[in-house]
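Q: Let me give you the structure first, and then I'll get to my questions.
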Amino acid sequence: MPNATDPLHDNAFMEAFLNLVIPPDEDRRMPGAGSLGLGAAVAAAVETDSLLGHAVVTGLRAVRDAAVARDPAGLPGLTREARLEVLEGVLAHHPAFMTGVARHLYPAYYQHPRVLEALGEPARAPFPEGFQIEPTDAALMAKLLARRK
C-alpha cells in the first residue's frame, strides 16, 4: 500500500518515479535513477529547497494520487506507458514540478559511481588525482598577460 501522506519518503513510489524520469537505457549500460537508490538523497535535497521544494512535494503528491486513482498499487503497479500518462497529466497543472526534480536528481545521478563508470569516467571524485590537463601554451599566456597592462 502506498504511503498515503508522504510520497517523498515512499521508497517504492520514488524508485518507480525516478526510473520514469531517468530510465535505464536499452542496452542496460546506463542504470535508471530509481534503481540506484537515489530517493533518499533527492528527498533530503528537496526538503531543504526553499525555492522549488514545495512545488516538487505538491507535484509528487499529485502523481501519487493520479496513479492510485488508476491502480490501487499506485505508480509501481502501473506500466511504463501508464506512468508516463499520469506524469504528463500532472505536468499540465504543476509546471515547476519537473524543474525542481531535475535540480536535485541530475547532480545525484551523474555523480553516482555506477553512472560515472558507465560514462567511462573514474568512479571517484576528480581530486586529489585531478584531471589530465594539456600543457599551457606559453605564447598564448604571454598575450593574455600583455593585455592586462
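Residue numbering restarts at 1 in every chain; chains get A, B, ... in the order shown in the C-alpha cells, and ligands count up from 1 in that same order.
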Can you pull out the residues contacting range 65-68 of chain A? Cut-off 12 Å, using only C-alpha atoms, and skip same-chain residues under 5 positions away; I want them as a PyMOL selection string.
A: chain A and resi 1-7+13+16-17+58-60+73-91
Q: If you run DSSP on the backbone here, which positions in range 11-100 of chain A get helix (DSSP H, G or I)? Please write them as number ranges by chain.
A: A: 11-21, 34-36, 39-47, 53-70, 75-77, 80-91, 97-100
Q: Find the residue from A:Val63, A:Ala108, A:Leu51, A:Met98 that sits nearest to Gly34 in chain A; use only C-alpha atoms when measuring.
A: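 For Gly34 in chain A, the nearest of the candidates is A:Ala108.
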Q: Could you please determine the separation between CA of Arg103 in chain A and CA of Asp10 in chain A in Å, to one decimal place?
A: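 CA of Arg103 in chain A sits 19.9 Å away from CA of Asp10 in chain A.
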Q: For CA of Leu116 in chain A and CA of Leu36 in chain A, determine how far apart the two atoms are, in Å to one decimal place.
A: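 Between CA of Leu116 in chain A and CA of Leu36 in chain A the gap is 12.4 Å.
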Q: Excluding Pro113 in chain A and residues on its chain fewer than 2 positions from it, collect all residues at most 8 Å away from it, counting only C-alpha atoms, and give them as a ChimeraX atom specification.
A: /A:111,115-117,122-124
Q: Would you mind telling me which residue in A:Ala139, A:Val21, A:Ala69, A:Val101 lies nearest to Asp49 in chain A when using only C-alpha atoms?
A: A:Val101
Q: Between CA of His54 in chain A and CA of Gly100 in chain A, measure the distance and give it in Å to one decimal.
A: 9.0 Å
Q: Would you pick out the contacts of Arg29 in chain A at 12 Å or less, using only C-alpha atoms, so that residues sharing its chain but fewer than 4 positions from it are not included, and give the list as a PyMOL selection string?
A: chain A and resi 23-25+114-120
Q: Would you output that residue set with C-alpha atoms, as a CSV table (one decimal), in the first residue's frame?
A:
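To be explicit, this is the file written out as out-v1.csv:
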```csv
chain,number,residue,atom,x,y,z
A,23,PRO,CA,15.0,5.3,-17.2
A,24,PRO,CA,17.7,2.6,-17.8
A,25,ASP,CA,18.9,2.7,-21.4
A,114,ARG,CA,27.9,3.3,-11.5
A,115,VAL,CA,26.9,6.2,-13.8
A,116,LEU,CA,30.4,7.6,-13.9
A,117,GLU,CA,31.8,4.1,-14.8
A,118,ALA,CA,29.1,3.7,-17.5
A,119,LEU,CA,30.3,7.1,-18.9
A,120,GLY,CA,33.9,5.9,-18.9
```
Q: Which residue is closest to Ser35 in chain A? Choose from A:His104, A:Arg147, A:Arg64, A:His112 and count only C-alpha atoms.
A: A:His112
Q: Can you work out which one of A:Val56, A:Glu134, A:Ala92, A:Leu144 has the shortest atom-to-atom distance to Val42 in chain A, counting only C-alpha atoms?
A: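 Looking only at the distances to Val42 in chain A, the closest residue turns out to be A:Val56.
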Q: Tell me which protein, DNA and RNA residues are within 7 Å of Gly39 in chain A, counting only C-alpha atoms, leaving out same-chain ones fewer than 2 positions away, and put them as a list of chain:residue names.
A: A:Asn11, A:Met14, A:Glu15, A:Gly34, A:Gly37, A:Ala41, A:Val42, A:Ala43
Q: Residues as selected, N, CA and C atoms, written as a short mmCIF file (atom, residue, chain, number, x, y, z; two decimals), in the first residue's frame, can you do that?
A:
```cif
data_model
loop_
_atom_site.label_atom_id
_atom_site.label_comp_id
_atom_site.auth_asym_id
_atom_site.auth_seq_id
_atom_site.Cartn_x
_atom_site.Cartn_y
_atom_site.Cartn_z
N ASN A 11 9.58 4.58 -0.58
CA ASN A 11 10.67 4.05 -1.39
C ASN A 11 10.21 3.46 -2.72
N MET A 14 9.11 6.34 -5.03
CA MET A 14 10.24 7.12 -5.52
C MET A 14 11.08 6.33 -6.52
N GLU A 15 11.25 5.03 -6.30
CA GLU A 15 12.01 4.22 -7.26
C GLU A 15 11.30 4.22 -8.61
N GLY A 34 16.04 5.38 -10.39
CA GLY A 34 15.39 4.73 -9.25
C GLY A 34 16.13 3.51 -8.77
N GLY A 37 18.93 3.86 -6.01
CA GLY A 37 18.64 4.20 -4.62
C GLY A 37 18.85 5.67 -4.31
N ALA A 41 18.47 10.68 -1.15
CA ALA A 41 19.27 11.87 -1.42
C ALA A 41 18.42 12.96 -2.05
N VAL A 42 17.56 12.58 -2.98
CA VAL A 42 16.67 13.55 -3.62
C VAL A 42 15.70 14.12 -2.59
N ALA A 43 15.15 13.26 -1.75
CA ALA A 43 14.21 13.71 -0.72
C ALA A 43 14.88 14.71 0.22
#
```
